[in-house]
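*Asks:* File run-v7.tsv follows (TSV, C-alpha atoms and all ligand atoms):
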```tsv
chain	number	residue	atom	x	y	z
A	844	MET	CA	-57.34	36.15	7.09
A	845	PHE	CA	-59.30	39.33	6.45
A	846	ILE	CA	-59.58	41.90	9.25
A	847	THR	CA	-61.53	45.15	9.07
A	848	ILE	CA	-61.40	48.15	11.36
A	849	GLU	CA	-64.41	50.36	11.86
A	850	GLY	CA	-65.44	53.36	13.92
A	851	MET	CA	-65.95	57.09	13.99
A	852	ASP	CA	-63.33	59.40	12.56
A	853	GLY	CA	-60.95	60.37	15.35
A	854	SER	CA	-61.17	57.00	17.07
A	855	GLY	CA	-57.45	56.30	16.60
A	856	LYS	CA	-58.03	53.19	14.50
A	857	THR	CA	-55.49	54.04	11.80
A	858	THR	CA	-52.67	54.63	14.31
A	859	ALA	CA	-53.39	51.38	16.16
A	860	LEU	CA	-53.52	49.52	12.87
A	861	GLN	CA	-50.14	50.71	11.70
A	862	ARG	CA	-48.58	49.47	14.93
A	863	VAL	CA	-50.35	46.12	14.72
A	864	LYS	CA	-49.11	45.66	11.16
A	865	GLN	CA	-45.51	46.22	12.28
A	866	TYR	CA	-45.99	43.89	15.25
A	867	LEU	CA	-47.36	41.07	13.06
A	868	GLU	CA	-44.58	41.55	10.51
A	869	ASP	CA	-42.04	41.20	13.31
A	870	LEU	CA	-43.66	37.82	14.01
A	871	ASN	CA	-43.04	36.96	10.33
A	872	TYR	CA	-46.61	37.23	9.12
A	873	LYS	CA	-47.17	38.68	5.66
A	874	VAL	CA	-49.46	41.65	6.22
A	875	VAL	CA	-50.97	44.19	3.90
A	876	MET	CA	-52.83	47.26	5.07
A	877	THR	CA	-55.36	48.98	2.86
A	878	ARG	CA	-58.24	51.40	3.23
A	879	GLU	CA	-61.73	52.30	2.09
A	880	PRO	CA	-62.86	54.13	0.21
A	881	GLY	CA	-59.69	53.57	-1.81
A	882	GLY	CA	-57.01	50.90	-1.94
A	883	LEU	CA	-56.41	51.08	-5.71
A	884	PRO	CA	-56.35	53.93	-8.27
A	885	LEU	CA	-59.96	53.60	-9.48
A	886	SER	CA	-61.35	53.43	-5.94
A	887	GLU	CA	-59.12	56.32	-4.81
A	888	LYS	CA	-60.72	58.38	-7.63
A	889	ILE	CA	-64.17	57.44	-6.32
A	890	ARG	CA	-62.96	58.44	-2.83
A	891	GLU	CA	-62.06	61.89	-4.10
A	892	LEU	CA	-65.41	62.21	-5.83
A	893	ILE	CA	-67.36	61.39	-2.68
A	894	LEU	CA	-65.27	63.04	0.01
A	895	ASN	CA	-64.17	66.36	-1.43
A	896	LYS	CA	-66.32	69.48	-1.62
A	897	ASP	CA	-67.74	68.52	-5.05
A	898	GLY	CA	-69.73	65.85	-3.27
A	899	VAL	CA	-71.75	68.39	-1.26
A	900	GLY	CA	-75.47	67.80	-1.81
A	901	MET	CA	-74.96	64.36	-3.34
A	902	GLU	CA	-78.05	62.14	-3.12
A	903	PRO	CA	-77.75	59.58	-0.28
A	904	TRP	CA	-78.17	56.68	-2.70
A	905	THR	CA	-75.53	58.10	-5.05
A	906	GLU	CA	-73.17	58.30	-2.08
A	907	ALA	CA	-73.98	54.76	-0.91
A	908	LEU	CA	-73.62	53.23	-4.36
A	909	LEU	CA	-70.31	54.98	-5.01
A	910	PHE	CA	-68.91	53.62	-1.73
A	911	ILE	CA	-70.14	50.14	-2.66
A	912	ALA	CA	-68.74	50.41	-6.21
A	913	ALA	CA	-65.33	51.40	-4.82
A	914	ARG	CA	-65.58	48.43	-2.42
A	915	LYS	CA	-66.39	45.90	-5.12
A	916	GLU	CA	-63.27	46.92	-7.09
A	917	HIS	CA	-61.16	46.87	-3.94
A	918	LEU	CA	-62.41	43.43	-2.95
A	919	GLU	CA	-61.88	41.78	-6.33
A	920	LYS	CA	-58.63	43.51	-7.34
A	921	VAL	CA	-56.78	43.91	-4.03
A	922	ILE	CA	-58.27	42.06	-1.04
A	923	LYS	CA	-58.97	38.65	-2.61
A	924	PRO	CA	-55.67	38.42	-4.55
A	925	TYR	CA	-53.65	39.18	-1.39
A	926	LEU	CA	-55.66	36.64	0.63
A	927	GLU	CA	-54.96	34.05	-2.04
A	928	LYS	CA	-51.23	34.79	-1.69
A	929	GLY	CA	-51.43	34.05	2.06
A	930	TYR	CA	-51.40	37.61	3.39
A	931	ILE	CA	-53.29	38.88	6.41
A	932	VAL	CA	-55.25	41.75	4.90
A	933	ILE	CA	-56.25	44.60	7.21
A	934	SER	CA	-58.67	47.15	5.82
A	935	ASP	CA	-59.24	50.51	7.45
A	936	ARG	CA	-63.06	50.50	6.99
A	937	PHE	CA	-65.18	48.12	4.91
A	938	MET	CA	-68.87	47.30	4.46
A	939	ASP	CA	-69.98	48.24	8.01
A	940	SER	CA	-69.08	51.88	7.29
A	941	THR	CA	-71.64	51.99	4.49
A	942	THR	CA	-74.20	50.28	6.73
A	943	ALA	CA	-73.56	52.78	9.56
A	944	TYR	CA	-73.02	56.04	7.65
A	945	GLN	CA	-75.39	55.62	4.71
A	946	GLY	CA	-77.76	53.02	6.18
A	947	GLY	CA	-77.95	54.57	9.64
A	948	ALA	CA	-77.06	58.25	9.44
A	949	ARG	CA	-78.34	58.94	5.90
A	950	GLY	CA	-81.45	56.92	6.69
A	951	LEU	CA	-81.26	54.33	3.92
A	952	GLY	CA	-81.77	51.50	6.42
A	953	VAL	CA	-79.22	49.56	8.48
A	954	ASP	CA	-80.64	46.11	7.74
A	955	TYR	CA	-81.33	46.96	4.14
A	956	LEU	CA	-77.78	48.12	3.39
A	957	ASN	CA	-76.26	45.26	5.34
A	958	GLU	CA	-78.21	42.70	3.30
A	959	LEU	CA	-77.72	44.54	0.01
A	960	GLN	CA	-73.97	44.52	0.49
A	961	LYS	CA	-73.88	40.87	1.46
A	962	ASN	CA	-75.58	40.17	-1.88
A	963	ILE	CA	-73.29	42.41	-3.90
A	964	LEU	CA	-70.17	41.05	-2.18
A	965	GLN	CA	-71.57	37.53	-2.73
A	966	GLY	CA	-71.43	36.56	0.92
A	967	PHE	CA	-67.78	37.54	1.35
A	968	LEU	CA	-67.40	38.77	4.96
A	969	PRO	CA	-64.44	39.79	7.12
A	970	ASP	CA	-63.11	37.06	9.44
A	971	LEU	CA	-62.83	39.68	12.15
A	972	THR	CA	-64.04	43.26	12.53
A	973	LEU	CA	-62.83	45.58	15.26
A	974	TYR	CA	-65.17	48.40	16.16
A	975	PHE	CA	-63.32	51.31	17.79
A	976	GLU	CA	-65.86	52.81	20.15
A	977	LEU	CA	-65.53	56.43	21.22
A	978	SER	CA	-67.94	59.09	22.49
A	979	PHE	CA	-68.97	61.91	20.19
A	980	GLU	CA	-67.19	64.45	22.43
A	981	ASP	CA	-63.88	62.57	22.47
A	982	ALA	CA	-63.98	62.01	18.70
A	983	GLU	CA	-64.62	65.73	18.07
A	984	LYS	CA	-61.78	66.71	20.39
A	985	ARG	CA	-59.33	64.51	18.50
A	986	LEU	CA	-60.58	65.67	15.10
A	987	SER	CA	-60.27	69.34	15.99
A	988	ALA	CA	-56.58	68.73	16.76
A	989	ARG	CA	-56.00	67.86	13.09
A	990	PRO	CA	-58.41	69.95	11.00
A	991	GLU	CA	-56.37	69.41	7.82
A	992	GLU	CA	-57.53	65.76	7.74
A	993	LYS	CA	-61.24	66.58	7.86
A	994	ASN	CA	-63.31	65.25	4.94
A	995	ARG	CA	-66.82	66.19	3.81
A	996	LEU	CA	-68.47	63.71	6.18
A	997	ASP	CA	-66.44	64.93	9.14
A	998	GLU	CA	-68.21	68.27	8.74
A	999	GLU	CA	-71.57	66.63	9.55
A	1000	GLY	CA	-73.16	67.56	12.87
A	1001	ARG	CA	-73.77	65.76	16.11
A	1002	LYS	CA	-77.10	64.18	15.04
A	1003	PHE	CA	-75.45	62.52	12.03
A	1004	LYS	CA	-72.50	61.24	14.04
A	1005	GLU	CA	-74.66	59.93	16.88
A	1006	ALA	CA	-76.71	58.06	14.26
A	1007	VAL	CA	-73.50	56.54	12.83
A	1008	LYS	CA	-72.55	55.40	16.33
A	1009	LEU	CA	-75.98	53.93	17.01
A	1010	ALA	CA	-75.87	51.97	13.75
A	1011	PHE	CA	-72.41	50.56	14.58
A	1012	GLU	CA	-73.74	49.54	18.00
A	1013	GLU	CA	-76.68	47.82	16.34
A	1014	LEU	CA	-74.26	45.85	14.15
A	1015	VAL	CA	-72.18	44.82	17.18
A	1016	VAL	CA	-75.31	43.32	18.77
A	1017	LYS	CA	-76.39	41.63	15.53
A	1018	GLU	CA	-73.03	40.11	14.60
A	1019	PRO	CA	-71.19	39.41	17.88
A	1020	ASN	CA	-69.16	36.55	16.42
A	1021	ARG	CA	-67.61	38.78	13.80
A	1022	ILE	CA	-67.41	42.18	15.50
A	1023	THR	CA	-65.36	42.93	18.66
A	1024	VAL	CA	-65.49	46.28	20.44
A	1025	ILE	CA	-62.25	48.13	21.23
A	1026	ASP	CA	-62.46	50.84	23.90
A	1027	ALA	CA	-60.91	53.70	21.95
A	1028	SER	CA	-61.19	56.17	24.83
A	1029	LYS	CA	-58.03	54.67	26.35
A	1030	SER	CA	-54.44	55.80	25.68
A	1031	PRO	CA	-52.86	54.91	22.30
A	1032	GLU	CA	-50.73	52.30	24.10
A	1033	GLU	CA	-53.75	50.62	25.69
A	1034	VAL	CA	-55.70	50.74	22.44
A	1035	PHE	CA	-52.78	49.07	20.67
A	1036	GLU	CA	-52.60	46.37	23.38
A	1037	GLN	CA	-56.34	45.63	23.12
A	1038	THR	CA	-56.17	45.50	19.32
A	1039	LYS	CA	-53.12	43.25	19.31
A	1040	LYS	CA	-54.69	40.84	21.83
A	1041	VAL	CA	-57.93	40.39	19.86
A	1042	ILE	CA	-56.09	39.89	16.57
A	1043	LEU	CA	-53.60	37.39	18.03
A	1044	GLU	CA	-56.44	35.38	19.59
A	1045	LYS	CA	-58.22	35.28	16.26
A	1046	ILE	CA	-55.08	34.20	14.41
A	1047	GLU	CA	-54.56	31.33	16.88
A	1048	LEU	CA	-58.17	30.19	16.48
A	1049	TRP	CA	-57.92	30.47	12.73
A	1050	LYS	CA	-54.72	28.39	12.66
A	1051	LYS	CA	-56.40	25.65	14.75
A	1052	GLU	CA	-59.37	25.56	12.37
A	1053	LYS	CA	-57.04	25.24	9.35
A	1054	ARG	CA	-55.14	22.27	10.86
A	1101	LIG	P1	-61.41	58.02	6.48
A	1101	LIG	O1	-60.74	57.25	5.42
A	1101	LIG	O2	-60.62	59.16	6.97
A	1101	LIG	O3	-61.95	57.17	7.57
A	1101	LIG	O4	-62.65	58.76	5.78
A	1101	LIG	C1	-63.62	58.13	5.11
A	1101	LIG	C2	-64.92	58.85	5.39
A	1101	LIG	O5	-65.94	58.27	4.61
A	1101	LIG	C3	-65.36	58.72	6.83
A	1101	LIG	O6	-65.99	59.92	7.25
A	1101	LIG	C4	-66.40	57.64	6.80
A	1101	LIG	C5	-66.98	57.76	5.41
A	1101	LIG	N1	-67.45	56.51	4.83
A	1101	LIG	C6	-68.79	56.33	4.57
A	1101	LIG	O7	-69.59	57.23	4.84
A	1101	LIG	N2	-69.19	55.16	3.99
A	1101	LIG	C7	-68.32	54.17	3.66
A	1101	LIG	O8	-68.73	53.12	3.14
A	1101	LIG	C8	-66.91	54.38	3.93
A	1101	LIG	C9	-65.94	53.31	3.57
A	1101	LIG	C10	-66.52	55.55	4.51
```
Have the structure of the file written as structure tokens, please.
Ligand code: TMP
*Replies:*
Amino acid sequence: MFITIEGMDGSGKTTALQRVKQYLEDLNYKVVMTREPGGLPLSEKIRELILNKDGVGMEPWTEALLFIAARKEHLEKVIKPYLEKGYIVISDRFMDSTTAYQGGARGLGVDYLNELQKNILQGFLPDLTLYFELSFEDAEKRLSARPEEKNRLDEEGRKFKEAVKLAFEELVVKEPNRITVIDASKSPEEVFEQTKKVILEKIELWKKEKR
């Protein structure tokens, strides 16, 4: 089963994920957690290229294609092999980030990037995507508490970030069977509980379908 986690930076998704991984492992599931951009050495190099200061002024299409290139490597070399070995794979970000950030906020087109990626990834889609929803103000508050973690895209202004949010919301409406919203404004404990509940429900459903 392939689960992806999406949302604005500062939404607490990584923290919730780490706890869910531990919880599932305690239930004897084999779980691997990975991230995008990144997940293997080549894609981590692409991550550095896009997200550090050298990337300033990069063309929007260059940025989008680098994210997608890193994803293709990650999918073929990490995600699929783990799925074949029976692992639950949880990825901190996946294709919807490109659709929201580059398609929505950079203006390349939400539908266009969504379709383009479905073609490039040859129809491979997450079984479940959790969208961690948080207001711009709350996300900024959390980010300013840990400035050392800020990447090049975190430095973008309100207009950019509101456009990212709008694009994610558009995706939630378009793909309700795949994407579930998590209210990330709640306490870390509540966010963990919501995340755990949705994932456990999906695992149960998935097991029934496999029987
Ligand atoms: P993160 O790993 O801390 O979430 O940082 C990754 C940053 O890159 C984040 O600001 C979102 C952005 N991003 C995109 O713009 N497009 C993408 O396809 C991905 C995966 C991330």
*Asks:* Please identify every residue of chain A that has at least one atom no farther than 9 Å from an atom of ligand LIG 1101 (chain A), counting all atoms listed in the file, and for each give the shortest atom pair and the distance in Å to one decimal, arranged by chain then increasing number, as a Markdown table.
*Replies:*
```
| residue | atom | partner | partner_atom | distance |
| --- | --- | --- | --- | --- |
| A:Glu849 | CA | A:LIG1101 | O3 | 8.4 |
| A:Gly850 | CA | A:LIG1101 | O3 | 8.2 |
| A:Met851 | CA | A:LIG1101 | C4 | 7.2 |
| A:Asp852 | CA | A:LIG1101 | O3 | 5.6 |
| A:Gly853 | CA | A:LIG1101 | O3 | 8.5 |
| A:Lys856 | CA | A:LIG1101 | O3 | 8.9 |
| A:Thr857 | CA | A:LIG1101 | O3 | 8.3 |
| A:Arg878 | CA | A:LIG1101 | O1 | 6.7 |
| A:Glu879 | CA | A:LIG1101 | C9 | 4.6 |
| A:Pro880 | CA | A:LIG1101 | C9 | 4.6 |
| A:Gly881 | CA | A:LIG1101 | O1 | 8.2 |
| A:Arg890 | CA | A:LIG1101 | C1 | 8.0 |
| A:Ile893 | CA | A:LIG1101 | O5 | 8.1 |
| A:Leu894 | CA | A:LIG1101 | O5 | 6.7 |
| A:Glu906 | CA | A:LIG1101 | O7 | 7.9 |
| A:Ala907 | CA | A:LIG1101 | O8 | 6.8 |
| A:Leu908 | CA | A:LIG1101 | O8 | 9.0 |
| A:Leu909 | CA | A:LIG1101 | O8 | 8.5 |
| A:Phe910 | CA | A:LIG1101 | O8 | 4.9 |
| A:Ile911 | CA | A:LIG1101 | O8 | 6.7 |
| A:Ala913 | CA | A:LIG1101 | C9 | 8.6 |
| A:Arg914 | CA | A:LIG1101 | C9 | 7.7 |
| A:Asp935 | CA | A:LIG1101 | O3 | 7.2 |
| A:Arg936 | CA | A:LIG1101 | C9 | 5.3 |
| A:Phe937 | CA | A:LIG1101 | C9 | 5.4 |
| A:Met938 | CA | A:LIG1101 | O8 | 6.0 |
| A:Asp939 | CA | A:LIG1101 | O8 | 7.0 |
| A:Ser940 | CA | A:LIG1101 | O8 | 4.3 |
| A:Thr941 | CA | A:LIG1101 | O8 | 3.4 |
| A:Thr942 | CA | A:LIG1101 | O8 | 7.1 |
| A:Ala943 | CA | A:LIG1101 | N2 | 7.5 |
| A:Tyr944 | CA | A:LIG1101 | O7 | 4.6 |
| A:Gln945 | CA | A:LIG1101 | O7 | 6.0 |
| A:Ala948 | CA | A:LIG1101 | O7 | 8.8 |
| A:Arg949 | CA | A:LIG1101 | O7 | 9.0 |
| A:Glu992 | CA | A:LIG1101 | O2 | 7.3 |
| A:Lys993 | CA | A:LIG1101 | O2 | 7.5 |
| A:Asn994 | CA | A:LIG1101 | O6 | 6.4 |
| A:Arg995 | CA | A:LIG1101 | O6 | 7.2 |
| A:Leu996 | CA | A:LIG1101 | O6 | 4.7 |
| A:Asp997 | CA | A:LIG1101 | O6 | 5.4 |
| A:Glu998 | CA | A:LIG1101 | O6 | 8.8 |
| A:Val1007 | CA | A:LIG1101 | O7 | 8.9 |
```
*Asks:* Rank A:Leu973, A:Leu926, A:Ile1025, A:Leu918 by their smallest atom-to-atom distance to Lys1045 (chain A), using only C-alpha atoms, and report the top residue only.
*Replies:*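 Selected residue with least distance to Lys1045 (chain A): A:Leu973.
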*Asks:* For CA of Leu883 (chain A) and CA of Met844 (chain A), quote the distance in Å rounded to one decimal.
*Replies:*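 About the pair CA of Leu883 (chain A) and CA of Met844 (chain A): they are 19.7 Å apart.
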*Asks:* Just give me the gap between CA of Tyr872 (chain A) and CA of Phe1035 (chain A) in Å, one decimal is fine.
*Replies:*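 That distance, rounded to one decimal, is 17.7 Å.
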*Asks:* Do you know which residues are at most 8 Å from Leu977 (chain A) counting only C-alpha atoms, after dropping those on the same chain fewer than 4 positions away, and could you put them as a CSV table (one decimal) with C-alpha atoms, in the frame of the given file?
*Replies:*
```csv
chain,number,residue,atom,x,y,z
A,850,GLY,CA,-65.4,53.4,13.9
A,851,MET,CA,-66.0,57.1,14.0
A,854,SER,CA,-61.2,57.0,17.1
A,981,ASP,CA,-63.9,62.6,22.5
A,982,ALA,CA,-64.0,62.0,18.7
A,1026,ASP,CA,-62.5,50.8,23.9
A,1027,ALA,CA,-60.9,53.7,22.0
A,1028,SER,CA,-61.2,56.2,24.8
```
*Asks:* Do you have the CA of Leu1014 (chain A)-CA of Asp970 (chain A) distance handy?
*Replies:*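 Calculated distance between CA of Leu1014 (chain A) and CA of Asp970 (chain A) is 15.0 Å.
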*Asks:* Pick out the residues sitting within 7 Å of Val875 (chain A), and hand them over as a count of residues only; count all atoms listed in the file, and ignore anything fewer than 4 positions along from it in its own chain.
*Replies:* 4
*Asks:* Starting from the point (-53.3, 32.1, 16.1), work out which residues of protein, DNA or RNA have an atom no more than 12 Å away when counting only C-alpha atoms; state them as number ranges by chain.
*Replies:* A: 844, 867, 870, 872, 931, 1039-1054
*Asks:* Between A:Gly946, A:Leu964, A:Lys928, A:Ser934, which is the closest to Glu916 (chain A) once you count all atoms listed in the file?
*Replies:*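 Using all atoms listed in the file, Glu916 (chain A) sits closest to A:Leu964.
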